[in-house]
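So this block is start.csv, CSV, C-alpha atoms and all ligand atoms:
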chain,number,residue,atom,x,y,z
A,21,MET,CA,0.0,0.0,0.0
A,22,PRO,CA,1.3,3.5,-0.8
A,23,LYS,CA,1.8,5.8,2.2
A,24,ILE,CA,0.1,9.2,2.3
A,25,THR,CA,1.0,11.7,5.0
A,26,ILE,CA,-1.3,14.6,5.8
A,27,ILE,CA,0.3,17.4,7.9
A,28,GLY,CA,-2.4,19.4,9.7
A,29,ALA,CA,-5.3,17.3,10.9
A,30,GLY,CA,-7.8,20.1,10.7
A,31,ALA,CA,-10.9,20.4,8.6
A,32,VAL,CA,-9.3,20.0,5.2
A,33,GLY,CA,-6.6,17.5,6.4
A,34,ALA,CA,-9.0,15.1,8.2
A,35,THR,CA,-11.6,15.2,5.5
A,36,ALA,CA,-8.9,14.4,2.9
A,37,ALA,CA,-7.8,11.5,5.1
A,38,GLN,CA,-11.3,10.3,5.1
A,39,ARG,CA,-11.7,10.5,1.3
A,40,ILE,CA,-8.3,8.9,0.7
A,41,ALA,CA,-9.1,6.0,3.1
A,42,GLU,CA,-12.5,5.5,1.6
A,43,THR,CA,-11.1,5.2,-1.9
A,44,GLU,CA,-8.2,3.0,-0.5
A,45,LEU,CA,-5.5,5.0,-2.2
A,46,GLY,CA,-3.1,3.9,0.5
A,47,ASP,CA,-2.4,4.0,4.2
A,48,VAL,CA,-2.8,7.4,5.8
A,49,VAL,CA,-0.7,9.1,8.5
A,50,MET,CA,-2.0,12.3,10.0
A,51,THR,CA,0.1,14.6,12.0
A,52,ASP,CA,-0.6,17.9,13.8
A,53,ILE,CA,1.0,20.2,16.2
A,54,VAL,CA,-1.9,19.8,18.7
A,55,GLU,CA,-1.3,16.9,21.0
A,56,GLY,CA,-3.7,14.0,20.4
A,57,LEU,CA,-5.8,15.7,17.6
A,58,ALA,CA,-4.4,13.6,14.8
A,59,GLN,CA,-4.4,10.5,16.9
A,60,GLY,CA,-8.1,11.0,17.9
A,61,LYS,CA,-9.3,11.7,14.3
A,62,ALA,CA,-7.2,8.8,12.9
A,63,LEU,CA,-8.6,6.4,15.4
A,64,ASP,CA,-12.1,7.5,14.6
A,65,LEU,CA,-11.5,7.0,10.9
A,66,ALA,CA,-9.9,3.6,11.5
A,67,GLU,CA,-13.0,2.6,13.4
A,68,ALA,CA,-15.1,3.7,10.4
A,69,GLY,CA,-13.1,1.2,8.2
A,70,PRO,CA,-15.2,-1.9,9.1
A,71,LEU,CA,-18.4,0.0,8.6
A,72,CYS,CA,-17.5,1.6,5.3
A,73,GLY,CA,-15.5,-1.4,4.1
A,74,TYR,CA,-12.0,0.0,3.7
A,75,ASP,CA,-8.7,-1.6,4.6
A,76,SER,CA,-6.6,1.5,4.5
A,77,LYS,CA,-4.8,2.0,7.8
A,78,VAL,CA,-5.2,5.4,9.3
A,79,THR,CA,-2.9,6.5,12.1
A,80,GLY,CA,-2.2,9.8,13.9
A,81,THR,CA,1.0,11.1,15.4
A,82,ASN,CA,2.9,14.2,16.7
A,83,ASP,CA,6.2,12.7,15.7
A,84,TYR,CA,7.7,13.5,12.3
A,85,LYS,CA,9.6,10.2,12.4
A,86,ASP,CA,6.4,8.5,11.6
A,87,ILE,CA,6.1,10.1,8.2
A,88,GLU,CA,9.2,8.2,7.0
A,89,GLY,CA,8.7,6.4,3.7
A,90,SER,CA,5.8,8.6,2.6
A,91,ASP,CA,5.0,8.5,-1.1
A,92,VAL,CA,2.9,11.6,-1.0
A,93,VAL,CA,2.8,14.4,1.7
A,94,VAL,CA,-0.2,16.8,1.8
A,95,VAL,CA,0.4,20.0,3.7
A,96,THR,CA,-2.7,21.6,5.3
A,97,ALA,CA,-1.0,22.9,8.4
A,98,GLY,CA,-1.5,26.6,9.2
A,99,ILE,CA,-3.8,29.0,10.6
A,100,ALA,CA,-6.8,30.7,9.0
A,101,ARG,CA,-7.0,34.5,8.6
A,102,LYS,CA,-8.8,35.8,11.7
A,103,PRO,CA,-10.7,39.1,11.9
A,104,GLY,CA,-8.3,42.0,12.2
A,105,MET,CA,-5.5,40.1,10.7
A,106,THR,CA,-3.9,41.4,7.5
A,107,ARG,CA,-2.8,39.2,4.6
A,108,GLU,CA,0.7,40.1,5.5
A,109,ASP,CA,0.2,38.8,9.1
A,110,LEU,CA,-1.1,35.5,7.7
A,111,LEU,CA,1.7,35.3,5.3
A,112,LYS,CA,4.2,35.7,8.0
A,113,ILE,CA,2.7,33.2,10.4
A,114,ASN,CA,1.9,30.5,7.8
A,115,GLY,CA,5.3,31.1,6.1
A,116,LYS,CA,7.0,30.2,9.4
A,117,ILE,CA,4.8,27.1,9.9
A,118,ILE,CA,5.4,25.9,6.3
A,119,ARG,CA,9.2,26.4,6.7
A,120,GLU,CA,9.2,24.2,9.8
A,121,VAL,CA,6.9,21.6,8.2
A,122,SER,CA,9.1,21.5,5.0
A,123,GLN,CA,12.3,21.0,6.9
A,124,ASN,CA,10.7,17.9,8.5
A,125,ILE,CA,9.5,16.6,5.1
A,126,ALA,CA,13.0,17.0,3.7
A,127,LYS,CA,14.5,15.2,6.6
A,128,TYR,CA,12.0,12.3,7.0
A,129,ALA,CA,10.3,11.9,3.6
A,130,PRO,CA,13.0,13.0,1.1
A,131,GLU,CA,11.6,10.9,-1.7
A,132,SER,CA,8.0,12.2,-1.4
A,133,VAL,CA,5.8,14.2,-3.8
A,134,VAL,CA,4.5,17.2,-1.8
A,135,ILE,CA,1.1,18.8,-2.4
A,136,THR,CA,0.7,22.1,-0.6
A,137,VAL,CA,-2.8,23.3,0.4
A,138,THR,CA,-2.1,26.0,3.0
A,139,ASN,CA,-3.0,29.6,2.0
A,140,PRO,CA,-1.8,31.9,0.6
A,141,LEU,CA,-1.3,28.9,-1.6
A,142,ASP,CA,1.0,30.1,-4.4
A,143,ILE,CA,3.4,31.6,-1.9
A,144,MET,CA,3.4,28.7,0.5
A,145,THR,CA,4.2,26.3,-2.3
A,146,HIS,CA,7.2,28.5,-3.2
A,147,VAL,CA,8.3,28.4,0.4
A,148,THR,CA,7.9,24.6,0.4
A,149,LEU,CA,10.1,24.3,-2.7
A,150,LYS,CA,12.8,26.5,-1.4
A,151,THR,CA,12.9,24.9,2.0
A,152,THR,CA,12.8,21.2,1.0
A,153,GLY,CA,15.2,21.8,-1.9
A,154,PHE,CA,13.2,19.1,-3.9
A,155,GLU,CA,13.0,19.2,-7.7
A,156,PRO,CA,10.1,21.5,-8.7
A,157,ARG,CA,8.1,18.7,-10.3
A,158,ARG,CA,7.7,17.1,-6.9
A,159,VAL,CA,6.4,20.2,-5.2
A,160,PHE,CA,3.1,21.7,-6.3
A,161,GLY,CA,-0.1,23.2,-4.9
A,162,MET,CA,-3.8,22.5,-4.9
A,163,SER,CA,-5.8,25.4,-6.2
A,164,GLY,CA,-7.1,25.1,-9.7
A,165,VAL,CA,-8.7,21.7,-9.2
A,166,LEU,CA,-10.9,23.3,-6.5
A,167,ASP,CA,-11.5,26.5,-8.4
A,168,SER,CA,-12.5,24.7,-11.6
A,169,GLY,CA,-14.7,22.4,-9.5
A,170,ARG,CA,-16.5,25.5,-8.2
A,171,PHE,CA,-16.8,27.0,-11.7
A,172,ALA,CA,-18.2,23.6,-12.9
A,173,THR,CA,-20.7,23.6,-10.1
A,174,PHE,CA,-22.0,27.1,-10.9
A,175,ILE,CA,-22.2,26.3,-14.6
A,176,ALA,CA,-24.2,23.1,-13.9
A,177,MET,CA,-26.6,25.1,-11.6
A,178,GLU,CA,-27.1,27.7,-14.4
A,179,LEU,CA,-27.7,25.2,-17.2
A,180,GLY,CA,-29.5,22.5,-15.2
A,181,CYS,CA,-27.1,19.9,-16.6
A,182,SER,CA,-24.9,17.2,-15.0
A,183,VAL,CA,-21.7,18.3,-13.4
A,184,ARG,CA,-20.1,15.3,-14.9
A,185,ASP,CA,-20.2,16.7,-18.4
A,186,ILE,CA,-18.4,19.9,-17.5
A,187,SER,CA,-14.7,20.3,-18.0
A,188,ALA,CA,-13.7,23.7,-16.5
A,189,MET,CA,-10.3,25.4,-16.8
A,190,VAL,CA,-9.0,28.0,-14.4
A,191,LEU,CA,-5.5,29.5,-14.4
A,192,GLY,CA,-3.5,31.9,-12.3
A,193,GLY,CA,-3.2,32.6,-8.5
A,194,HIS,CA,-5.6,31.1,-5.9
A,195,GLY,CA,-7.7,34.1,-4.9
A,196,ASP,CA,-8.7,37.5,-6.3
A,197,THR,CA,-6.3,37.2,-9.2
A,198,MET,CA,-7.6,33.8,-10.5
A,199,VAL,CA,-8.1,33.6,-14.2
A,200,PRO,CA,-11.1,31.4,-15.2
A,201,LEU,CA,-11.0,30.6,-18.9
A,202,PRO,CA,-14.5,30.3,-20.4
A,203,ARG,CA,-13.4,29.5,-23.9
A,204,PHE,CA,-11.6,26.4,-22.6
A,205,THR,CA,-14.5,25.4,-20.4
A,206,THR,CA,-16.9,23.0,-22.0
A,207,VAL,CA,-20.1,21.0,-21.5
A,208,SER,CA,-19.5,17.6,-23.3
A,209,GLY,CA,-17.0,19.4,-25.6
A,210,VAL,CA,-19.2,22.4,-26.3
A,211,PRO,CA,-17.6,25.7,-25.1
A,212,ILE,CA,-19.8,27.5,-22.6
A,213,THR,CA,-19.4,30.6,-24.7
A,214,GLU,CA,-21.8,28.8,-27.1
A,215,LEU,CA,-24.3,28.1,-24.4
A,216,MET,CA,-24.5,31.2,-22.2
A,217,SER,CA,-24.5,35.0,-22.6
A,218,LYS,CA,-21.4,37.0,-21.9
A,219,ASP,CA,-23.1,38.5,-18.9
A,220,THR,CA,-24.1,35.2,-17.4
A,221,ILE,CA,-20.6,33.8,-17.8
A,222,GLN,CA,-19.1,37.0,-16.2
A,223,HIS,CA,-21.4,36.5,-13.2
A,224,LEU,CA,-20.3,32.8,-12.8
A,225,VAL,CA,-16.7,33.8,-13.2
A,226,GLU,CA,-17.1,36.4,-10.4
A,227,ARG,CA,-18.8,33.8,-8.2
A,228,THR,CA,-15.9,31.4,-8.8
A,229,VAL,CA,-13.3,34.0,-8.0
A,230,ASN,CA,-15.1,34.7,-4.7
A,231,GLY,CA,-15.9,31.1,-4.1
A,232,GLY,CA,-13.9,30.7,-1.0
A,233,ALA,CA,-15.2,33.9,0.6
A,234,GLU,CA,-18.8,33.0,-0.2
A,235,ILE,CA,-18.4,29.9,2.0
A,236,VAL,CA,-16.5,31.7,4.8
A,237,ASN,CA,-19.3,34.3,4.9
A,238,LEU,CA,-21.9,31.5,5.3
A,239,LEU,CA,-20.0,29.5,7.9
A,240,LYS,CA,-18.9,32.5,9.9
A,241,THR,CA,-16.2,30.4,11.5
A,242,GLY,CA,-13.9,28.3,9.4
A,243,SER,CA,-13.6,27.9,5.7
A,244,ALA,CA,-14.4,25.3,3.0
A,245,PHE,CA,-13.2,21.8,3.4
A,246,TYR,CA,-15.4,19.3,1.5
A,247,ALA,CA,-14.5,20.5,-2.0
A,248,PRO,CA,-10.9,21.3,-1.1
A,249,SER,CA,-10.4,17.8,0.3
A,250,ALA,CA,-12.0,16.3,-2.8
A,251,ALA,CA,-9.6,18.3,-4.9
A,252,VAL,CA,-6.6,17.0,-2.9
A,253,THR,CA,-7.9,13.4,-3.3
A,254,ASN,CA,-8.1,13.8,-7.1
A,255,MET,CA,-4.5,15.0,-7.2
A,256,VAL,CA,-3.2,12.2,-4.8
A,257,GLU,CA,-5.0,9.7,-7.0
A,258,ALA,CA,-3.4,11.1,-10.2
A,259,VAL,CA,0.0,10.8,-8.6
A,260,LEU,CA,-0.3,7.4,-7.0
A,261,LYS,CA,-2.1,5.7,-9.9
A,262,ASP,CA,0.1,7.5,-12.4
A,263,THR,CA,-2.9,8.5,-14.4
A,264,LYS,CA,-1.3,11.4,-16.3
A,265,ARG,CA,-4.6,13.4,-15.9
A,266,VAL,CA,-4.4,17.0,-17.1
A,267,MET,CA,-5.5,19.3,-14.3
A,268,PRO,CA,-5.0,22.9,-13.4
A,269,VAL,CA,-2.2,22.8,-10.7
A,270,CYS,CA,-0.2,25.4,-8.9
A,271,ALA,CA,3.1,24.6,-10.6
A,272,TYR,CA,6.6,26.0,-10.7
A,273,LEU,CA,7.2,28.0,-13.9
A,274,ASP,CA,10.7,28.2,-15.4
A,275,GLY,CA,9.9,30.4,-18.3
A,276,GLU,CA,6.5,28.9,-19.2
A,277,TYR,CA,3.8,31.4,-19.8
A,278,GLY,CA,6.6,34.1,-19.8
A,279,ASN,CA,7.2,33.7,-16.1
A,280,LYS,CA,10.3,32.4,-14.3
A,281,ASP,CA,10.9,31.2,-10.7
A,282,ILE,CA,7.3,31.5,-9.6
A,283,TYR,CA,4.3,29.3,-8.8
A,284,LEU,CA,1.1,29.8,-10.7
A,285,GLY,CA,-2.0,27.8,-11.6
A,286,VAL,CA,-1.5,26.3,-15.1
A,287,PRO,CA,-2.6,23.1,-16.8
A,288,VAL,CA,-0.2,20.2,-16.1
A,289,LYS,CA,0.0,16.5,-16.6
A,290,LEU,CA,0.1,14.8,-13.2
A,291,GLY,CA,1.7,11.4,-12.7
A,292,ARG,CA,3.9,9.4,-10.3
A,293,ASN,CA,6.7,11.9,-10.8
A,294,GLY,CA,4.5,14.8,-9.9
A,295,VAL,CA,4.2,17.5,-12.5
A,296,GLU,CA,5.3,15.6,-15.6
A,297,GLU,CA,4.5,18.3,-18.1
A,298,ILE,CA,3.3,21.9,-18.1
A,299,ILE,CA,0.9,22.4,-20.9
A,300,GLU,CA,1.2,25.8,-22.6
A,301,ILE,CA,-1.9,27.1,-24.2
A,302,GLU,CA,-2.0,30.2,-26.3
A,303,LEU,CA,-3.7,33.0,-24.3
A,304,THR,CA,-5.4,36.0,-25.6
A,305,ALA,CA,-3.9,39.4,-24.7
A,306,ASP,CA,-6.5,39.9,-22.0
A,307,GLU,CA,-6.0,36.4,-20.5
A,308,LYS,CA,-2.2,36.9,-20.5
A,309,LYS,CA,-2.6,40.3,-18.8
A,310,SER,CA,-4.7,38.7,-16.1
A,311,LEU,CA,-2.2,35.9,-15.6
A,312,ASP,CA,0.6,38.5,-15.4
A,313,ARG,CA,-1.4,40.4,-12.8
A,314,SER,CA,-1.7,37.1,-10.8
A,315,ALA,CA,2.1,36.6,-11.1
A,316,GLU,CA,2.7,40.1,-9.9
A,317,ALA,CA,0.6,39.5,-6.7
A,318,VAL,CA,2.5,36.3,-6.0
A,319,ARG,CA,5.8,38.0,-6.6
A,320,SER,CA,5.1,40.8,-4.2
A,321,GLY,CA,4.0,38.2,-1.5
A,322,ILE,CA,7.3,36.4,-1.9
A,323,ALA,CA,9.3,39.6,-1.8
A,324,SER,CA,7.6,40.6,1.5
A,325,LEU,CA,8.4,37.2,3.0
A,326,LYS,CA,12.0,37.7,2.1
A,327,VAL,CA,12.0,41.1,3.9
A,328,TRP,CA,10.9,39.4,7.0
A,329,GLY,CA,13.5,36.6,6.6
B,401,LIG,N1,2.5,21.7,12.4
B,401,LIG,C1,1.5,20.9,12.2
B,401,LIG,N2,0.2,21.2,12.2
B,401,LIG,C2,-0.1,22.5,12.5
B,401,LIG,C3,1.0,23.5,12.7
B,401,LIG,C4,2.3,23.0,12.6
B,401,LIG,N3,3.3,23.9,12.8
B,401,LIG,N4,0.4,24.7,12.9
B,401,LIG,C5,-1.0,24.5,12.8
B,401,LIG,N5,-1.2,23.2,12.5
B,401,LIG,C6,-2.5,22.5,12.4
B,401,LIG,C7,-3.6,23.1,13.3
B,401,LIG,O1,-3.4,22.6,14.6
B,401,LIG,C8,-4.9,22.6,12.7
B,401,LIG,O2,-5.3,21.4,13.2
B,401,LIG,O3,-3.1,22.8,11.1
B,401,LIG,C9,-4.5,22.5,11.2
B,401,LIG,C10,-5.2,23.4,10.3
B,401,LIG,O4,-6.6,23.1,10.3
B,401,LIG,P1,-7.8,24.1,10.3
B,401,LIG,O5,-7.5,25.2,11.2
B,401,LIG,O6,-9.0,23.3,10.5
B,401,LIG,O7,-7.8,24.7,8.8
B,401,LIG,P2,-8.4,24.0,7.5
B,401,LIG,O8,-9.7,24.5,7.3
B,401,LIG,O9,-8.1,22.6,7.5
B,401,LIG,O10,-7.4,24.7,6.4
B,401,LIG,C11,-6.1,24.4,6.3
B,401,LIG,O11,-5.9,24.9,4.0
B,401,LIG,O12,-7.5,25.6,2.4
B,401,LIG,C12,-6.4,26.0,3.3
B,401,LIG,O13,-6.9,28.3,3.8
B,401,LIG,C13,-6.8,27.0,4.3
B,401,LIG,O14,-4.6,27.5,5.0
B,401,LIG,C14,-5.7,26.8,5.3
B,401,LIG,C15,-5.4,25.3,5.2
Can the structure in the file be given as C-alpha cells, please?
Amino acid sequence: MPKITIIGAGAVGATAAQRIAETELGDVVMTDIVEGLAQGKALDLAEAGPLCGYDSKVTGTNDYKDIEGSDVVVVTAGIARKPGMTREDLLKINGKIIREVSQNIAKYAPESVVITVTNPLDIMTHVTLKTTGFEPRRVFGMSGVLDSGRFATFIAMELGCSVRDISAMVLGGHGDTMVPLPRFTTVSGVPITELMSKDTIQHLVERTVNGGAEIVNLLKTGSAFYAPSAAVTNMVEAVLKDTKRVMPVCAYLDGEYGNKDIYLGVPVKLGRNGVEEIIEIELTADEKKSLDRSAEAVRSGIASLKVWG
C-alpha cells in the first residue's frame, strides 16, 4: 500500500484523510502540532473502516519520524485568517509554519511528492520548494482543481445539466487574481461561450473568484473543506495511480507562460513523478494580462516574506 501523510489534521486534512481512506488509495498518516488531535481523528477514521468497508490503515502522530517512507505528503498545516489580521500577518505566520513543516518533510520523507494546500497557496508552495530543496516537479499546490470544481458547479446550476459533463479550466493565482477561462470550459465538448450569454458567464466567473469567501461568509467560523479535500484526493490519485490526468495545478514556472521562478496555476499532466509536463496554451492578450497580474501579486508576497526573513 502506498503511504500518504497529511500534515495538519484540521478540517481539510482530516476530510482528505477520510476520502483517501474510503477510496483505498493507501495508508494514511495524519500529524498535527496539537497533542492528540491527529491520533483521535485517525482512530475515529480507522473505526469507520469496518463500517464503510475499507482496509486503508489510518494513524495519527505528533512525531515526524512516523512520516518516513511517505510516497505523498499533503500539507494543510497553518492558521486561517482571523478578523483584524492582514494578509501580511497571515503570510508571516503560515510562512513560518510551512518552513518548519518543510524541513521535516526534507528530513523524514526526502523521496515524497508534496502537495501544498495551506494559504496563501502560491506563496506557501514556493516556500515549500525552497525549504525542501526538492525538484520543482515534486512540489506543487492544490488550487485550480478546487477553483475549476467551483466553476463547474455554478455552470451546472445555471444550465441545469450534469456536473459530470463539465470540464472547466481556471488559471492563475488562488484568490482574487484567479483567471477562469470560459473559452476552454466545455459541456461535453461544447464551449460554454456557445451556451450562455457573456453577462451570465461573467457572473459565474465572479462567483468562482469569490468562491472561498462565499463559504467563509456563510460558515462565519472556518472555511471550505469538503471541496478542497475532494480536490486533494483527485490529485493524490493522479500521482499514486500515475494516471497522467491533465489538471490545473499550482506549478513551478521556469519560463513557461513568460514567467520564471514563480508558482502559478496552469494546466499540467500529473503522474507518479508529480508535474510531468506543463501544458502551454496560447492565451489572448487579456488572458495573458490577467495571468501576469496574478504573477505580480504572488511575486510581491514572496518579496515581503524575504524582507521578514
Ligand atoms: N505543524 C502541524 N500542524 C499545524 C501546525 C504546525 N506547525 N500549525 C498549525 N497546525 C494545524 C492546526 O493545529 C490545525 O489542526 O493545522 C491544522 C489546520 O486546520 P484548520 O484550522 O481546520 O484549517 P483548514 O480549514 O483545514 O485549512 C487548512 O488549507 O485551504 C487551506 O486556507 C486553508 O490554509 C488553510 C489550510
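Between CA of Ala58 (chain A) and CA of Tyr84 (chain A) the separation is 12.4 Å.
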**Study point:** Within 7 Å of ligand LIG 401 (chain B) (only C-alpha atoms and all ligand atoms), residues as a VMD selection string
**Key:** chain A and resid 27 to 33 51 to 54 96 to 100 117 120 to 121 137 to 140 242 to 245 248
Using C-alpha atoms, can you export the residues from the last selection as a PDB file, keeping the file's coordinate frame?
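As a result, again.pdb now contains:
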ATOM      1  CA  ILE A  27       0.300  17.400   7.900  1.00  0.00           C
ATOM      2  CA  GLY A  28      -2.400  19.400   9.700  1.00  0.00           C
ATOM      3  CA  ALA A  29      -5.300  17.300  10.900  1.00  0.00           C
ATOM      4  CA  GLY A  30      -7.800  20.100  10.700  1.00  0.00           C
ATOM      5  CA  ALA A  31     -10.900  20.400   8.600  1.00  0.00           C
ATOM      6  CA  VAL A  32      -9.300  20.000   5.200  1.00  0.00           C
ATOM      7  CA  GLY A  33      -6.600  17.500   6.400  1.00  0.00           C
ATOM      8  CA  THR A  51       0.100  14.600  12.000  1.00  0.00           C
ATOM      9  CA  ASP A  52      -0.600  17.900  13.800  1.00  0.00           C
ATOM     10  CA  ILE A  53       1.000  20.200  16.200  1.00  0.00           C
ATOM     11  CA  VAL A  54      -1.900  19.800  18.700  1.00  0.00           C
ATOM     12  CA  THR A  96      -2.700  21.600   5.300  1.00  0.00           C
ATOM     13  CA  ALA A  97      -1.000  22.900   8.400  1.00  0.00           C
ATOM     14  CA  GLY A  98      -1.500  26.600   9.200  1.00  0.00           C
ATOM     15  CA  ILE A  99      -3.800  29.000  10.600  1.00  0.00           C
ATOM     16  CA  ALA A 100      -6.800  30.700   9.000  1.00  0.00           C
ATOM     17  CA  ILE A 117       4.800  27.100   9.900  1.00  0.00           C
ATOM     18  CA  GLU A 120       9.200  24.200   9.800  1.00  0.00           C
ATOM     19  CA  VAL A 121       6.900  21.600   8.200  1.00  0.00           C
ATOM     20  CA  VAL A 137      -2.800  23.300   0.400  1.00  0.00           C
ATOM     21  CA  THR A 138      -2.100  26.000   3.000  1.00  0.00           C
ATOM     22  CA  ASN A 139      -3.000  29.600   2.000  1.00  0.00           C
ATOM     23  CA  PRO A 140      -1.800  31.900   0.600  1.00  0.00           C
ATOM     24  CA  GLY A 242     -13.900  28.300   9.400  1.00  0.00           C
ATOM     25  CA  SER A 243     -13.600  27.900   5.700  1.00  0.00           C
ATOM     26  CA  ALA A 244     -14.400  25.300   3.000  1.00  0.00           C
ATOM     27  CA  PHE A 245     -13.200  21.800   3.400  1.00  0.00           C
ATOM     28  CA  PRO A 248     -10.900  21.300  -1.100  1.00  0.00           C
TER      29      PRO A 248
END
Practice item. May I have the protein, DNA and RNA residues with any atom at most 12 Å from the point (-16.2, 5.1, 9.1), counting only C-alpha atoms, written as a VMD selection string? Key: chain A and resid 35 37 to 39 41 to 42 61 to 78
Point to revise | Interatomic distance, CA of Arg158 (chain A) to CA of Arg292 (chain A) (Å, one decimal) | key: 9.2 Å
Point to revise | Surrounding residues of Asp86 (chain A) excluding itself and chain neighbours under 2 positions, 12 Å, only C-alpha atoms, as a list in words | key: Lys23, Ile24, Thr25, Ile26, Ile27, Val48, Val49, Met50, Thr51, Asp52, Thr79, Gly80, Thr81, Asn82, Asp83, Tyr84, Glu88, Gly89, Ser90, Asn124, Ile125, Lys127, Tyr128 and Ala129 of chain A
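The interatomic distance for the pair CA of Lys309 (chain A) and CA of Thr197 (chain A) works out to 10.7 Å.
Take the candidates A:Val199, A:Met267, A:Ala258, A:Val225 and check each one against Val165 (chain A) using all atoms listed in the file; the shortest distance goes to A:Met267.
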Exercise for review: Show which residues sit within 10 Å of Glu226 (chain A), as a list in words. Count all atoms listed in the file, and ignore same-chain residues fewer than 4 positions away.
Suggested key: Phe171, Asp196, Met198, Pro200, Thr220, Ile221, Gln222, Asn230 and Gly231 of chain A
For the residues selected in the previous step, produce a file with C-alpha atoms as a short mmCIF file (atom, residue, chain, number, x, y, z; two decimals), in the frame of the given file.
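Result file follows (selection.cif):
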data_model
loop_
_atom_site.label_atom_id
_atom_site.label_comp_id
_atom_site.auth_asym_id
_atom_site.auth_seq_id
_atom_site.Cartn_x
_atom_site.Cartn_y
_atom_site.Cartn_z
CA PHE A 171 -16.80 27.00 -11.70
CA ASP A 196 -8.70 37.50 -6.30
CA MET A 198 -7.60 33.80 -10.50
CA PRO A 200 -11.10 31.40 -15.20
CA THR A 220 -24.10 35.20 -17.40
CA ILE A 221 -20.60 33.80 -17.80
CA GLN A 222 -19.10 37.00 -16.20
CA ASN A 230 -15.10 34.70 -4.70
CA GLY A 231 -15.90 31.10 -4.10
#
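Residue nearest Leu45 (chain A) within the list A:Glu257, A:Glu131, A:Glu307, A:Asp167: A:Glu257 [criterion: smallest interatomic distance, all atoms listed in the file].
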Can you list every residue of region 276-322 of chain A that has an atom at most 12 Å from region 103-116 of chain A, with its nearest atom pair and the distance in Å to one decimal, using all atoms listed in the file, ordered by chain then number, as a tab-separated table?
residue	atom	partner	partner_atom	distance
A:Ala317	CA	A:Arg107	CA	11.8
A:Val318	CA	A:Leu111	CA	11.4
A:Ser320	CA	A:Glu108	CA	10.7
A:Gly321	CA	A:Leu111	CA	7.7
A:Ile322	CA	A:Leu111	CA	9.2
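Candidate residues A:Ala126, A:Ile135, A:Ile143, A:Leu149 were compared for distance to Leu325 (chain A), and the nearest is A:Ile143, using only C-alpha atoms.
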Please output region 315-319 of chain A, rebuilt to include all heavy atoms, as a CSV table (one decimal), in the coordinates of the input.
chain,number,residue,atom,x,y,z
A,315,ALA,N,0.7,36.8,-11.4
A,315,ALA,CA,2.1,36.6,-11.1
A,315,ALA,C,2.7,37.8,-10.3
A,315,ALA,O,3.5,37.5,-9.3
A,315,ALA,CB,2.9,36.5,-12.4
A,316,GLU,N,2.2,39.0,-10.6
A,316,GLU,CA,2.7,40.1,-9.9
A,316,GLU,C,2.3,40.1,-8.4
A,316,GLU,O,3.1,40.4,-7.5
A,316,GLU,CB,2.1,41.4,-10.5
A,316,GLU,CG,3.1,42.5,-10.8
A,316,GLU,CD,4.5,42.0,-10.8
A,316,GLU,OE1,5.0,41.4,-11.8
A,316,GLU,OE2,5.2,42.3,-9.8
A,317,ALA,N,1.1,39.6,-8.1
A,317,ALA,CA,0.6,39.5,-6.7
A,317,ALA,C,1.4,38.5,-6.0
A,317,ALA,O,1.8,38.7,-4.8
A,317,ALA,CB,-0.9,39.2,-6.7
A,318,VAL,N,1.7,37.4,-6.6
A,318,VAL,CA,2.5,36.3,-6.0
A,318,VAL,C,3.9,36.8,-5.7
A,318,VAL,O,4.4,36.6,-4.6
A,318,VAL,CB,2.5,35.0,-6.9
A,318,VAL,CG1,3.4,33.9,-6.2
A,318,VAL,CG2,1.1,34.5,-7.1
A,319,ARG,N,4.5,37.5,-6.7
A,319,ARG,CA,5.8,38.0,-6.6
A,319,ARG,C,6.0,39.0,-5.4
A,319,ARG,O,6.9,38.9,-4.6
A,319,ARG,CB,6.3,38.7,-7.8
A,319,ARG,CG,7.3,38.0,-8.5
A,319,ARG,CD,7.9,38.6,-9.8
A,319,ARG,NE,8.0,37.5,-10.7
A,319,ARG,CZ,7.3,37.3,-11.8
A,319,ARG,NH1,6.4,38.2,-12.2
A,319,ARG,NH2,7.5,36.3,-12.6
